[in-house]
Structures are given as C-alpha cells and as structure tokens.
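Structure, as structure tokens:
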Amino acid sequence: MKISVNTIRDLNQQYGSAGDPAPEGVDKLVEKIGAQLGAVEEVIEIGKKYDGVVIAKVVSCEQHPNADRLHVCTIDDGGITPDVNRDENGLVQVVCGAPNVRAGVTVAWLPPGATVPSTYDSDPFVLEARELRGVVSNGMLASPKELAIGDSHEGLLLIDEDVEPGTMFADKYNLHGDTIIDMENKMFTHRPDCFGWLGVAREIAGIQGNSYKSPEWYRVDATVPAATSQELRVDVRNEIPELVPRFMALPIAGITVSPSPVWLQIELSKVGIRPINNIVDLTNYYMVLTGQPLHAYDYDKVLVQDEGADHATIVVRKPQAGERLELLNGKEIEPRSEAILIASVTKAIGLGGVMGGANTEVDANTKNIILECATFDMYSIRRTSMAHGLFSDAVTRFTKGQSPLQNKAVLAKITEDILAICNGQIAGEVIDDNHLSDEVMARNSLYPDVTVSADFVNARLGLKLSVEDMAQLLINAEFAVRIESENLTIRAPFWRTDIEIPEDIVEEIGRLYGFDKLPLELPKRTNKPASKDRPLESKAMIRDALSRAGANEVLTYSFVHGNLLDKVGQDASVAFKLSNALSPDLQYYRLSLTPNLLDKIHGNIKAGYDEVALFEIGKVHGKTEMDEGLPREMGRVGFVLAATPKVSEQKYAGAPYYQALKYLQQLLPGDEQLYTFRPLQDASFEGHVLFEQMTKPFEPNRSALVFSGSMLIGVVGEYRPAVQKALKLPKFCAGFELFLSYFEKAETAHEPYIPLPRFPKVTQDITLKVAAECTYQEVHNTMWELLGRREAEALLVTLAPLDIYQRPDDTAHKQITLRLTVASYERTLTDTEVGTLLDAAATAAHEQLGAERL
C-alpha cells in the first residue's frame with residue numbers, strides 16, 4: 001500500500017483534520033508507522049525527479065524549416081530560468097515534434113540542465129541546449145511519459161488550468177519534497193479501510209495522538225445527486241445475495257471521455273496506477289482514496305449485448321457451463337463455476353470483484369455509463385483470483401472484506417466529480433440492492449457495541465491507563481465511546497470490519513498507545529519444575545530408541561503423487577487432493593507414512609547403501625477423519641528396513657519380518673509380554689477406512705496387527721510383491737507403522753538395569769510339533785508363562801525362537817524350535833536342572849496346545 005506524504009497532508013488540510021502527518025520529518029513518520037501501523041518496505045523521494053520542471057506557455061509555433069514533423073516554438077517561462085538564451089522579448093526557443101503543440105497552450109518545459117523525470121530512477125538523462133536540424137532547442141516540452149505520469153508519448157501534457165508561466169511544476173502539483181511510503185499489504189489483511197488513503201491518514205493521526213475527522217461526504221447516509229432525467233433505464237437482478245450483499249448502480253448520460261486533469265493523473269501515477277481516461281481514473285482515484293473499488297460499464301455496449309432490449313439489465317449470478325468472457329487485459333477465460341459473474345440478460349460483461357469485460361469497456365467513444373459500487377464475498381474473490389491467475393488492485397482490496405456501509409458515500413462523491421469533470425448528467429434513479437440487516441443499517445456499524453472495563457484492558461497490556469485516556473485514544477480514530485464509571489461501551493465506525501469482541505478493543509488501544517511503550521517486566525513464574533510435554537517426550541523416546549537401534553530419521557513431504565498411491569495399492573479417492581499443488585509431484589495429502597519411506601529405499605540402495613533402515617514421525621490425513629468439518633491430523637510412526645541379497649544372506653538368518661519385529665520390540669515401551677500379534681489376513685476394517693489404507697502396502701499373509709492388550713496400535717510385516725516390484729524394492733524388506741497417539745498416552749516404562757550373572761549360563765534347545773494353525777506366539781506364551789516365573793528364583797531366563805519348519809509330507813503340522821538360556825546368580829546350574837525346566841514347559845505346551853516334543 002503506497003501513500004504520498006504530501007497527499008495525506010493535503011487531505012488533512014482539505015477536510016480540516018489532524019494537521020501535518022510528519023511534523024518531525026518523514027524519517028520519524030516512517031519509524032512510527034513501522035512501530036504502530038505496519039512494516040515499511042520502501043521510501044521513495046519522488047519530489048526530486050521534478051526539480052527544474054517549469055510550467056510555460058507556448059507563445060508562437062512555426063513549422064521547422066528543415067523538418068516536416070518538427071515545430072519551432074517560443075515559450076514564456078516568466079523569465080525565471082537562469083542561464084538560457086532568450087530573444088528580445090525574453091522568450092525561449094524550443095524545438096518540438098508533438099502533434100498537439102500550438103500557440104496558446106500551457107505545457108511542462110524541461111530546461112537545459114534538468115533531468116527527464118522518467119529516467120531519474122534508472123539512467124538519468126540530463127538535457128542541454130542543442131541543435132535539431134539546424135535550429136537550437138533549449139531543452140524540451142514534455143509528454144506524460146517523459147514526466148513519468150503516464151504511458152502516452154504521442155503528444156504533450158497539456159495543462160488545462162489557468163497557471164502563471166514560470167510556476168514550478170512541483171509547486172503547482174504539490175510534488176515539491178514529496179515522499180512515497182510503501183507499506184506491506186499483508187500488515188493490513190484484517191484492515192480493508194487501510195487500503196485507502198483516508199484510512200491510512202486516520203491511523204497516522206491516531207498513532208500520533210491526534211484526533212481525525214473524516215470528510216463530511218464520507219457517511220453512511222450520504223445522498224446521491226438526484227436524477228435530472230430518466231432517459232437511461234437500468235434494472236439490477238442479484239441472484240446470489242449471499243455472495244453480493246450490496247450492489248449499487250447509477251446511470252449517467254452525456255459524459256465526455258478525455259484525458260484526466262493533470263492533478264488526477266499525478267495522484268494516480270505517484271502510487272503506481274497508470275492513467276487511462278477521466279472516467280476510469282476517477283474510479284481508480286476513489287478506490288485508492290477510500291479502499292472501495294468501483295467500475296464503469298459503457299451503457300450502450302451493455303444494451304448491445306441484448307438485441308432488441310429497450311433498457312440495460314445487470315444480472316449478478318454464477319457462470320453457466322461453457323460460458324466465456326474476454327477481460328479488459330485481453331485474456332479470455334471460462335469462469336470457474338462458483339465465480340461471481342456480472343452479466344447482461346444474455347452475455348457475461350465482467351468478473352465481479354476481479355476485472356471488467358472488454359465488451360463493455362469505457363473508451364473515447366463512450367457517452368453513457370453505468371457506475372457500479374458493490375460489495376463481494378472476499379473468499380469467493382480470492383478463489384476466483386487464484387483459479388484464473390488474475391491479480392488486480394480491485395482484487396487486493398476485495399479480498400480484505402470491504403465494509404458495505406461505505407458504498408453509498410463513495411458512489412455519491414464520485415458521481416459529483418464525474419458530473420463536474422466529465423460533463424455528465426444523472427439519467428436514472430440510483431439502484432441499491434442492499435441485503436444488510438435493518439439492525440446493521442440502523443446502528444451504522446457492522447457489529448454490536450462492545451463493552452469493556454479499564455481493568456480488563458490494563459490487565460492484558462500491563463498498563464495503568466485511565467478510562468478517559470482509553471476513550472480519547474479510540475475517539476481519535478473516530479470510535480463512538482460512552483463512559484460509564486470504569487467501563488467503556490464502544491461502537492466501531494462503519495468502515496471497520498474487525499471490531500467484534502473485547503480483545504479487539506484491547507489490541508486497538510495497545511496499538512494506538514504504542515506497543516513499544518508497554519512496560520518491560522519479566523512475568524512471574526513458579527520455581528517448580530515444569531510438567532513435561534507428553535507428545536514431545538514420546539517423540540524424543542521414539543527417536544532415541546530407533547536411532548540407538550541403527551535407524552536414520554527422515555522428513556518427507558506431507559504430499560504425494562497419485563502414482564505413488566497407486567503403486568502401494570491405496571485409494572486416492574480417500575485422500576485430499578490439492579487444488580494449488582506446490583509441484584505436479586505433490587498432488588495428494590498422504591494417507592500413511594509407509595509409501596514415502598518405501599519411495600526412498602531404491603534411491604539409497606542404488607547410491608551404494610547395501611542396508612537401509614529409515615523411520616519418520618509425521619502426520620497423515622484422510623477424508624474419513626474429520627473434526628467439525630476440518631481434516632484431523634493423525635500422528636504416525638513409520639519404519640522400513642531393507643537390505644541387498646548379499647547382505648541379507650550374510651547377516652540375517654530369518655525372514656525380514658523378524659528383523660522389523662526386532663526394531664519394533666526395541667521401540668515399544670514396557671514388557672514385551674504386554675503386546676500381542678494377530679495375522680493381518682484375519683483383520684476386519686469395518687468403519688476404519690484410513691487404517692485399512694495404512695495396511696495396503698503390507699502382505700496379509702506375512703504381516704501382523706500389533707495390539708497392546710485390546711488396543712490396536714499398528715501393523716508390522718513384509719510388503720506385497722506388487723509393491724516390491726513397482727517401487728524396485730529388494731526382496732529383504734519389511735517395516736511397521738504405528739499410531740503415535742499410543743506413545744503419547746502410554747506410560748514410558750524405564751527398563752530396570754539387570755546385572756548379568758557371574759556364573760556360567762546353560763543353553764538347551766527344544767522342538768515341539770504342533771498343529772499347523774497353532775501360532776508361534778501361542779507356543780511361546782504358553783512356555784513363558786511357566787518359565788518366566790522362575791526369574792523370581794534368582795535365575796536369568798531367556799526364551800528365543802530358533803526355527804519354524806514344516807515338512808513337505810506333513811502339512812497338518814509344523815515344528816517350532818526354541819532356545820532356552822538359564823543362568824543363576826547364586827551357583828552353577830547343571831544340565832539336569834535346565835532339562836527339568838524344559839520338561840515342565842513341554843508338559844504345559846502338550847496339555848494346553850497338544851504339542852508333541854521331538
């Protein structure tokens with residue numbers, strides 16, 4: 001948002017308000033704006049580029065003797081320019097090639113020694129007296145482009161005011177010493193009024209402790225000038241009032257479209273807006289003055305869109321399927337289905353709140369116009385702007401949520417200027433399609449009054465302001481304030497859209513007073529140790545456990561390509577698809593962590609790493625997991641282990657499932673006997689769509705669900721052959737994915753230190769023949785139920801799997817071999833004693849499972 005310090009000063013003087021915005025100089029003003037209003041991006045001393053530019057009158061204009069397109073002019077500069085050749089009448093000779101130069105016109109003269117303003121910021125071009133086709137020219141007469149106030153280079157800037165020759169151009173148009181302050185737009189996201197000069201001027205006054213008074217015309221109950229005829233009939237049909245709460249239109253006839261007055265062109269060019277013609281420039285001027293965008297349609301062109309119609313009709317609606325619109329910038333679009341479209345009865349004529357249509361553009365032949373002043377839904381405008389890549393000054397303002405209560409004031413004021421500058425007359429009644437509530441219109445404020453106590457404000461700001469001090473700060477910014485004892489009842493002015501709750505008042509008072517003035521006191525706190533953050537603690541525990549086991553943590557994108565979902569067998573329809581993806585490879589929110597980890601395996605193997613163990617702690621999302629209409633963030637822990645055939649044969653004896661299980665047991669808190677594993681192939685996913693998607697990469701026959709008691713906490717296992725093939729995974733590859741919420745809730749059991757016995761250990765193996773459907777877990781748990789109790793007898797007992805084998809000629813049974821290791825803390829055990837333990841365990845397995853000892 002750009003402002004001119006001189007323009008703000010002029011507005012204050014014009015409306016009898018607040019005074020000089022920079023009483024201590026521009027540097028102090030910039031510092032105060034940065035501290036209390038918004039970050040300043042750039043400060044430009046624009047006045048210097050117009051040093052030496054003089055307003056002069058062309059006294060004579062003769063044909064150049066040696067050039068058909070040049071003229072030799074004599075100009076009157078009031079005799080103020082030193083060191084320049086003059087004739088006997090004190091006039092200066094200048095050669096000019098502009099087609100509109102003639103005797104009697106008033107122009108801008110750049111004398112020798114002056115810098116052409118348009119070159120000032122890049123490669124300064126300093127003029128001098130020089131011959132042009134044999135005739136000396138003292139400087140040049142300037143076009144709007146050379147003066148950096150427009151793009152026109154076809155003719156001179158003609159000054160249509162009665163100005164005394166010799167007046168400095170910068171003095172006449174208040175450019176002397178002017179400075180442009182460019183503030184960050186994002187600082188005003190919640191303040192649409194600050195996208196207008198009046199709003200910024202008011203804020204500058206407020207933070208300086210001065211009282212501001214808005215112009216008399218800027219009021220909710222402003223009166224639009226009455227119609228002098230009814231020759232232009234306009235109807236408005238608003239079919240989407242939920243998106244367009246207020247739409248005002250006014251027909252004006254008999255206008256003359258021409259270049260704008262010089263002052264208007266300069267005001268717009270100072271803030272980077274290109275002058276076009278008087279009608280368009282006035283709509284842009286009042287946009288930057290008030291923050292309210294406006295648009296003008298050529299009435300006769302609107303009428304042409306509906307053949308045979310006797311009056312113009314404006315329809316505010318959503319686009320129809322296949323409907324197209326050519327915009328003012330020359331781009332042709334098919335508006336998105338939910339856009340706000342401005343149309344005649346049959347054809348689109350504008351993209352509401354974004355840009356007008358080329359088919360109703362105001363041009364040099366326009367005689368009648370329809371002036372629009374409307375309020376559009378800011379979220380709809382933002383989506384439309386993003387969808388079509390259209391970013392205009394109107395979009396910048398409409399996406400901040402302009403107050404619909406200012407529409408009538410702005411329409412009334414611009415109408416007065418159009419009548420004065422463009423010679424028009426009001427040719428029909430003003431149309432006000434207003435869907436604001438009667439309550440809002442009655443109180444002239446968007447939200448109900450807010451009541452707050454002085455103690456409430458002081459307690460949050462750490463101040464000791466009196467209720468009178470607070471009231472004055474708010475009154476300076478034109479709030480209506482009523483004091484009742486120590487309470488303030490505040491009504492926000494009609495242009496404010498951000499004052500709803502007491503905390504908004506606290507913020508407003510703090511900002512106007514100055515956050516830099518708040519007392520610097522350290523908060524009081526107890527010396528008791530802070531309670532630990534359970535989620536952070538659980539993540540640290542996971543990282544520590546897996547890192548110590550040899551795994552490496554990775555951090556992958558939360559978004560994945562649709563192809564990756566297909567490769568692992570996940571359903572893309574369950575995932576959220578991004579409408580504005582950062583990259584074509586990042587189309588969907590991930591449904592689980594495992595696909596991201598598997599996608600990294602081949603690259604690491606190819607890079608020369610024969611063995612890879614990766615884990616990630618992250619979040620996943622799915623359409624089936626919603627909370628009050630918003631996606632829930634589901635925490636997960638993912639792990640993948642992979643090894644090349646050579647390494648897996650040398651280092652690992654069993655299936656990859658058991659190596660993944662080993663990492664899992666390293667991670668799970670508490671006694672491993674707390675956890676059970678059930679075949680994935682027996683799982684039922686009814687009502688658990690996202691968890692089903694998590695298990696899709698895993699091979700059901702070689703994977704297991706992990707339970708803690710009756711609580712499901714994840715899945716561990718090997719991957720389906722189709723997944724291995726699609727992602728080029730080595731055959732030795734397995735992993736797990738767990739719910740992070742389990743670790744956040746579970747109490748971390750710190751394993752006690754168990755000293756090793758100093759007596760020798762005794763190891764014996766046992767092989768049991770069991771039914772094929774009997775699981776290893778059942779066998780292990782049955783034997784451990786008996787053996788584990790012996791640890792209380794000063795013994796260190798371990799029971800580990802050694803082999804699971806099924807004979808080809810006996811598919812009804814399988815053989816499970818376990819290794820029992822026992823050591824005593826008190827003496828050396830004998831083989832007979834250990835054998836007795838195995839006998840007892842084998843007996844228990846026979847009685848409970850029908851196991852036969854081999």
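Note on naming: chains are A, B, ... as they come in the structure tokens, residues start from 1 per chain, ligands start from 1 in the order shown.
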I need the residues in region 675-732 of chain A that are alpha helix (DSSP H) according to DSSP; give them as a list of chain:residue names.
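Across region 675-732 of chain A, those assigned alpha helix (DSSP H) are A:Val689, A:Leu690, A:Phe691, A:Glu692, A:Gln693, A:Met694, A:Thr695, A:Pro721, A:Ala722, A:Val723, A:Gln724, A:Lys725, A:Ala726.
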All residues 12 Å or closer to region 773-780 of chain A, only C-alpha atoms, same chain fewer than 6 positions away omitted, as an MDAnalysis selection string:
chainID A and resid 672:673 675:679 704 766:767 786:788 798:806 811:820 841:852
Env of Thr81 (chain A): 10 Å cut, atoms = only C-alpha atoms, seq-sep filter 2 positions within chain, self excluded. Answer as a list in words.
Gly52, Val53, Val54, Asp77, Gly78, Gly79, Asp83, Val84, Asn85, Val92, Pro111, Pro112 and Gly166 of chain A
Could you tell me how far CA of Gly603 (chain A) lies from CA of Gln587 (chain A), in Å and to one decimal?
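So the answer is 21.2 Å.
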Each residue of region 136-208 of chain A with at least one atom at most 7 Å from region 22-41 of chain A should appear once, together with its nearest atom pair and the corresponding distance in Å (one decimal); atoms considered: only C-alpha atoms; ordering: chain, then increasing residue number; output as CSV.
```
residue,atom,partner,partner_atom,distance
A:Asp182,CA,A:Glu41,CA,5.6
A:Met183,CA,A:Val40,CA,4.3
A:Glu184,CA,A:Ala39,CA,5.7
A:Met187,CA,A:Gly38,CA,5.3
A:Ile207,CA,A:Gln36,CA,6.8
```
Residues just named, written with all heavy atoms as a PDB file, in the first residue's frame:
```
ATOM      1  N   ASP A 182       5.868   3.092   1.011  1.00  0.00           N
ATOM      2  CA  ASP A 182       5.268   1.826   0.563  1.00  0.00           C
ATOM      3  C   ASP A 182       5.244   0.862   1.742  1.00  0.00           C
ATOM      4  O   ASP A 182       6.289   0.458   2.251  1.00  0.00           O
ATOM      5  CB  ASP A 182       6.082   1.243  -0.588  1.00  0.00           C
ATOM      6  CG  ASP A 182       5.407   0.041  -1.236  1.00  0.00           C
ATOM      7  OD1 ASP A 182       4.305  -0.319  -0.790  1.00  0.00           O
ATOM      8  OD2 ASP A 182       5.990  -0.532  -2.169  1.00  0.00           O
ATOM      9  N   MET A 183       4.031   0.490   2.179  1.00  0.00           N
ATOM     10  CA  MET A 183       3.857  -0.400   3.328  1.00  0.00           C
ATOM     11  C   MET A 183       3.441  -1.783   2.872  1.00  0.00           C
ATOM     12  O   MET A 183       2.772  -1.932   1.852  1.00  0.00           O
ATOM     13  CB  MET A 183       2.809   0.177   4.294  1.00  0.00           C
ATOM     14  CG  MET A 183       3.242   1.475   4.952  1.00  0.00           C
ATOM     15  SD  MET A 183       1.905   2.257   5.876  1.00  0.00           S
ATOM     16  CE  MET A 183       0.936   2.954   4.536  1.00  0.00           C
ATOM     17  N   GLU A 184       3.804  -2.784   3.639  1.00  0.00           N
ATOM     18  CA  GLU A 184       3.467  -4.164   3.302  1.00  0.00           C
ATOM     19  C   GLU A 184       1.958  -4.371   3.327  1.00  0.00           C
ATOM     20  O   GLU A 184       1.297  -4.077   4.318  1.00  0.00           O
ATOM     21  CB  GLU A 184       4.112  -5.135   4.301  1.00  0.00           C
ATOM     22  CG  GLU A 184       5.541  -5.480   3.979  1.00  0.00           C
ATOM     23  CD  GLU A 184       6.047  -6.610   4.854  1.00  0.00           C
ATOM     24  OE1 GLU A 184       5.371  -6.939   5.843  1.00  0.00           O
ATOM     25  OE2 GLU A 184       7.118  -7.144   4.557  1.00  0.00           O
ATOM     26  N   MET A 187       0.307  -6.491   6.193  1.00  0.00           N
ATOM     27  CA  MET A 187       0.105  -5.915   7.518  1.00  0.00           C
ATOM     28  C   MET A 187      -1.334  -5.448   7.702  1.00  0.00           C
ATOM     29  O   MET A 187      -1.787  -5.248   8.826  1.00  0.00           O
ATOM     30  CB  MET A 187       1.060  -4.732   7.735  1.00  0.00           C
ATOM     31  CG  MET A 187       2.536  -5.050   7.516  1.00  0.00           C
ATOM     32  SD  MET A 187       3.141  -6.382   8.565  1.00  0.00           S
ATOM     33  CE  MET A 187       2.962  -5.634  10.172  1.00  0.00           C
ATOM     34  N   ILE A 207      -2.087   7.234  15.801  1.00  0.00           N
ATOM     35  CA  ILE A 207      -0.867   6.802  16.485  1.00  0.00           C
ATOM     36  C   ILE A 207      -0.018   7.995  16.916  1.00  0.00           C
ATOM     37  O   ILE A 207       0.889   7.839  17.744  1.00  0.00           O
ATOM     38  CB  ILE A 207      -0.034   5.856  15.588  1.00  0.00           C
ATOM     39  CG1 ILE A 207       0.438   6.557  14.319  1.00  0.00           C
ATOM     40  CG2 ILE A 207      -0.829   4.605  15.255  1.00  0.00           C
ATOM     41  CD1 ILE A 207       1.286   5.682  13.396  1.00  0.00           C
TER      42      ILE A 207
END
```
Can you build me a table of region 414-456 of chain A residues sitting at most 12 Å from region 375-380 of chain A, with the closest atom pair per residue and its distance in Å to one decimal, using only C-alpha atoms, sorted by chain and residue number, as CSV?
```
residue,atom,partner,partner_atom,distance
A:Asp432,CA,A:Thr375,CA,11.4
A:Asp433,CA,A:Thr375,CA,10.5
A:Asn434,CA,A:Thr375,CA,9.8
A:His435,CA,A:Thr375,CA,10.6
A:Leu436,CA,A:Thr375,CA,10.9
```
Pick from A:Glu625, A:Glu503, A:Asp306, A:Asp393, whichever lies nearest to Ala575 (chain A) using only C-alpha atoms
A:Glu625
Which residues are near region 398-407 of chain A? Cut-off 6 Å, only C-alpha atoms, ignore same chain within fewer than 5 positions. Put them as a PyMOL selection string.
chain A and resi 189+192+220+375+378+382+495
Length of the CA of Pro757 (chain A) to CA of Leu796 (chain A) vector [Å]:
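Taking CA of Pro757 (chain A) as the start and CA of Leu796 (chain A) as the end point, the length is 7.5 Å.
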Within 9 Å of region 113-118 of chain A using only C-alpha atoms, minus same-chain residues under 3 positions, as a list in words:
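Neighbouring residues, sequence-local ones excluded: Lys48, Lys49, Tyr50, Asp51, Gly52, Val53, Leu110, Asp121, Ser122, Pro124, Phe125, Val126, Leu127, Glu128, Ala129, Gly139, Ala142, Lys145, Glu146, Leu147, Ala148 and Ile149 of chain A.
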Close residues, Lys725 (chain A) itself excluded, 12 Å, only C-alpha atoms, min 4 positions apart in chain, as a PDB file with N, CA and C atoms, in the first residue's frame:
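For reference, out_15.pdb as written:
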```pdb
ATOM      1  N   LYS A 567       0.781 -47.259  -6.686  1.00  0.00           N
ATOM      2  CA  LYS A 567       1.811 -48.295  -6.591  1.00  0.00           C
ATOM      3  C   LYS A 567       1.707 -49.104  -5.300  1.00  0.00           C
ATOM      4  N   VAL A 568       1.294 -48.466  -4.222  1.00  0.00           N
ATOM      5  CA  VAL A 568       1.196 -49.192  -2.949  1.00  0.00           C
ATOM      6  C   VAL A 568      -0.216 -49.709  -2.697  1.00  0.00           C
ATOM      7  N   LEU A 598       9.050 -46.104   1.626  1.00  0.00           N
ATOM      8  CA  LEU A 598       9.382 -47.089   0.591  1.00  0.00           C
ATOM      9  C   LEU A 598       9.926 -46.407  -0.664  1.00  0.00           C
ATOM     10  N   ASP A 599       9.437 -45.208  -0.953  1.00  0.00           N
ATOM     11  CA  ASP A 599       9.877 -44.482  -2.131  1.00  0.00           C
ATOM     12  C   ASP A 599      11.343 -44.072  -2.036  1.00  0.00           C
ATOM     13  N   HIS A 602      14.810 -47.463  -2.916  1.00  0.00           N
ATOM     14  CA  HIS A 602      15.535 -47.774  -4.149  1.00  0.00           C
ATOM     15  C   HIS A 602      16.666 -46.772  -4.386  1.00  0.00           C
ATOM     16  N   PRO A 697      -0.010 -51.481   1.774  1.00  0.00           N
ATOM     17  CA  PRO A 697       1.271 -51.944   1.229  1.00  0.00           C
ATOM     18  C   PRO A 697       1.720 -53.298   1.773  1.00  0.00           C
ATOM     19  N   TYR A 719       6.114 -56.591   2.632  1.00  0.00           N
ATOM     20  CA  TYR A 719       5.301 -55.880   1.658  1.00  0.00           C
ATOM     21  C   TYR A 719       4.876 -56.787   0.508  1.00  0.00           C
ATOM     22  N   ARG A 720       3.748 -56.426  -0.082  1.00  0.00           N
ATOM     23  CA  ARG A 720       3.193 -57.230  -1.163  1.00  0.00           C
ATOM     24  C   ARG A 720       4.159 -57.274  -2.347  1.00  0.00           C
ATOM     25  N   PRO A 721       4.223 -58.397  -3.060  1.00  0.00           N
ATOM     26  CA  PRO A 721       5.110 -58.499  -4.235  1.00  0.00           C
ATOM     27  C   PRO A 721       4.882 -57.388  -5.244  1.00  0.00           C
ATOM     28  N   LEU A 729      11.947 -52.598  -4.836  1.00  0.00           N
ATOM     29  CA  LEU A 729      12.462 -52.893  -3.510  1.00  0.00           C
ATOM     30  C   LEU A 729      13.223 -54.213  -3.529  1.00  0.00           C
ATOM     31  N   PRO A 730      14.250 -54.349  -2.711  1.00  0.00           N
ATOM     32  CA  PRO A 730      14.915 -55.655  -2.586  1.00  0.00           C
ATOM     33  C   PRO A 730      13.974 -56.651  -1.918  1.00  0.00           C
ATOM     34  N   LYS A 731      14.240 -57.928  -2.115  1.00  0.00           N
ATOM     35  CA  LYS A 731      13.375 -58.961  -1.550  1.00  0.00           C
ATOM     36  C   LYS A 731      13.360 -58.906  -0.035  1.00  0.00           C
ATOM     37  N   CYS A 733      12.867 -56.916   2.709  1.00  0.00           N
ATOM     38  CA  CYS A 733      12.319 -55.589   3.035  1.00  0.00           C
ATOM     39  C   CYS A 733      11.086 -55.769   3.909  1.00  0.00           C
TER      40      CYS A 733
END
```
Taking only C-alpha atoms into account, name the residue in A:Leu756, A:Pro82, A:Ile266, A:Pro251 that is nearest to Lys172 (chain A).
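Among A:Leu756, A:Pro82, A:Ile266, A:Pro251, it is A:Ile266 that comes nearest to Lys172 (chain A).
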I'd like the neighbourhood of region 268-274 of chain A as a list of chain:residue names, where a residue qualifies if any of its atoms comes within 9 Å (using only C-alpha atoms), though same-chain residues fewer than 6 positions away should be ignored.
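Neighbouring residues, sequence-local ones excluded: A:Met1, A:Lys2, A:Ile3, A:Ser4, A:Ile46, A:Ala148, A:Ile149, A:Gly150, A:Asp151, A:Ile180, A:Asp182, A:Asp281, A:Asn284, A:Tyr285, A:Val288.
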Using N, CA and C atoms, can you write the selected residues to a file as a PDB file, in the first residue's frame?
```pdb
ATOM      1  N   MET A   1       0.849  -1.188   0.000  1.00  0.00           N
ATOM      2  CA  MET A   1       0.000   0.000   0.000  1.00  0.00           C
ATOM      3  C   MET A   1       0.885   1.240   0.000  1.00  0.00           C
ATOM      4  N   LYS A   2       0.751   2.055  -1.054  1.00  0.00           N
ATOM      5  CA  LYS A   2       1.579   3.246  -1.191  1.00  0.00           C
ATOM      6  C   LYS A   2       0.782   4.495  -0.819  1.00  0.00           C
ATOM      7  N   ILE A   3       1.458   5.376  -0.090  1.00  0.00           N
ATOM      8  CA  ILE A   3       0.837   6.668   0.228  1.00  0.00           C
ATOM      9  C   ILE A   3       1.837   7.777  -0.084  1.00  0.00           C
ATOM     10  N   SER A   4       1.301   8.941  -0.453  1.00  0.00           N
ATOM     11  CA  SER A   4       2.108  10.140  -0.639  1.00  0.00           C
ATOM     12  C   SER A   4       1.957  11.003   0.604  1.00  0.00           C
ATOM     13  N   ILE A  46      10.005  11.138  -4.218  1.00  0.00           N
ATOM     14  CA  ILE A  46       9.535  11.341  -5.593  1.00  0.00           C
ATOM     15  C   ILE A  46       9.681  12.786  -6.042  1.00  0.00           C
ATOM     16  N   ALA A 148       6.777  10.884 -16.396  1.00  0.00           N
ATOM     17  CA  ALA A 148       6.530   9.712 -15.538  1.00  0.00           C
ATOM     18  C   ALA A 148       5.164   9.756 -14.885  1.00  0.00           C
ATOM     19  N   ILE A 149       4.166  10.279 -15.632  1.00  0.00           N
ATOM     20  CA  ILE A 149       2.807  10.256 -15.095  1.00  0.00           C
ATOM     21  C   ILE A 149       1.842   9.549 -16.051  1.00  0.00           C
ATOM     22  N   GLY A 150       2.371   8.793 -16.988  1.00  0.00           N
ATOM     23  CA  GLY A 150       1.523   8.062 -17.910  1.00  0.00           C
ATOM     24  C   GLY A 150       2.360   7.375 -18.968  1.00  0.00           C
ATOM     25  N   ASP A 151       1.663   6.638 -19.864  1.00  0.00           N
ATOM     26  CA  ASP A 151       2.350   5.920 -20.939  1.00  0.00           C
ATOM     27  C   ASP A 151       2.303   6.654 -22.266  1.00  0.00           C
ATOM     28  N   ILE A 180       7.026   9.038  -1.142  1.00  0.00           N
ATOM     29  CA  ILE A 180       6.111   7.896  -1.202  1.00  0.00           C
ATOM     30  C   ILE A 180       6.560   6.867  -0.177  1.00  0.00           C
ATOM     31  N   ASP A 182       5.868   3.092   1.011  1.00  0.00           N
ATOM     32  CA  ASP A 182       5.268   1.826   0.563  1.00  0.00           C
ATOM     33  C   ASP A 182       5.244   0.862   1.742  1.00  0.00           C
ATOM     34  N   ASP A 281     -10.032   6.833 -14.496  1.00  0.00           N
ATOM     35  CA  ASP A 281      -9.131   7.406 -13.497  1.00  0.00           C
ATOM     36  C   ASP A 281      -9.887   7.822 -12.241  1.00  0.00           C
ATOM     37  N   ASN A 284     -10.532   4.743 -10.200  1.00  0.00           N
ATOM     38  CA  ASN A 284      -9.298   4.323  -9.534  1.00  0.00           C
ATOM     39  C   ASN A 284      -8.928   5.273  -8.400  1.00  0.00           C
ATOM     40  N   TYR A 285      -9.152   6.570  -8.601  1.00  0.00           N
ATOM     41  CA  TYR A 285      -8.813   7.541  -7.566  1.00  0.00           C
ATOM     42  C   TYR A 285      -9.630   7.296  -6.296  1.00  0.00           C
ATOM     43  N   VAL A 288      -8.369   4.211  -4.395  1.00  0.00           N
ATOM     44  CA  VAL A 288      -7.207   4.399  -3.521  1.00  0.00           C
ATOM     45  C   VAL A 288      -7.491   5.404  -2.418  1.00  0.00           C
TER      46      VAL A 288
END
```
Contacts between region 649-667 of chain A and region 704-752 of chain A, please, where a residue of region 704-752 of chain A counts if it comes within 9 Å (with only C-alpha atoms); show its shortest atom pair and distance in Å to one decimal, rows by chain and ascending number, as CSV.
```
residue,atom,partner,partner_atom,distance
A:Val716,CA,A:Leu661,CA,7.0
A:Gly717,CA,A:Tyr657,CA,5.1
A:Glu718,CA,A:Tyr657,CA,5.7
A:Lys731,CA,A:Pro656,CA,8.7
A:Phe732,CA,A:Pro656,CA,5.6
A:Cys733,CA,A:Pro656,CA,5.9
A:Ala734,CA,A:Pro656,CA,5.6
A:Gly735,CA,A:Ala660,CA,5.2
A:Phe736,CA,A:Ala660,CA,7.0
```
Which region 150-240 of chain A residues have any atom within 8 Å of an atom of region 418-431 of chain A, and for each, what is the nearest pair of atoms with distance in Å to one decimal, counting only C-alpha atoms, rows sorted by chain and number, as JSON lines?
```
{"residue": "A:Val224", "atom": "CA", "partner": "A:Val430", "partner_atom": "CA", "distance": 7.5}
{"residue": "A:Pro225", "atom": "CA", "partner": "A:Ile426", "partner_atom": "CA", "distance": 7.6}
{"residue": "A:Ala226", "atom": "CA", "partner": "A:Ile426", "partner_atom": "CA", "distance": 7.0}
{"residue": "A:Ala227", "atom": "CA", "partner": "A:Ile426", "partner_atom": "CA", "distance": 4.7}
{"residue": "A:Thr228", "atom": "CA", "partner": "A:Ile426", "partner_atom": "CA", "distance": 5.7}
{"residue": "A:Ser229", "atom": "CA", "partner": "A:Ala427", "partner_atom": "CA", "distance": 4.7}
{"residue": "A:Gln230", "atom": "CA", "partner": "A:Gly428", "partner_atom": "CA", "distance": 4.6}
{"residue": "A:Glu231", "atom": "CA", "partner": "A:Ala427", "partner_atom": "CA", "distance": 5.5}
{"residue": "A:Leu232", "atom": "CA", "partner": "A:Ala427", "partner_atom": "CA", "distance": 5.3}
{"residue": "A:Arg233", "atom": "CA", "partner": "A:Gly428", "partner_atom": "CA", "distance": 6.1}
{"residue": "A:Val234", "atom": "CA", "partner": "A:Gly428", "partner_atom": "CA", "distance": 7.5}
{"residue": "A:Asp235", "atom": "CA", "partner": "A:Ile431", "partner_atom": "CA", "distance": 7.9}
{"residue": "A:Val236", "atom": "CA", "partner": "A:Ile431", "partner_atom": "CA", "distance": 7.4}
```
Between A:Leu740, A:Val467, A:Leu690, A:Val316, which is the closest to Arg534 (chain A) once you count only C-alpha atoms?
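Residue with the minimum atom-to-atom distance to Arg534 (chain A): A:Leu740.
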Rounded to one decimal place, report the CA of Lys769 (chain A)-CA of Leu829 (chain A) distance in Å.
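It comes out at 27.7 Å.
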What parts of region 169-416 of chain A does DSSP call strand (DSSP E)? I'd like the answer as a ChimeraX atom specification.
/A:180-183,234-238,246-253,295-298,312-317,325-326,332-333,341-343,348-351,355-356,369-375
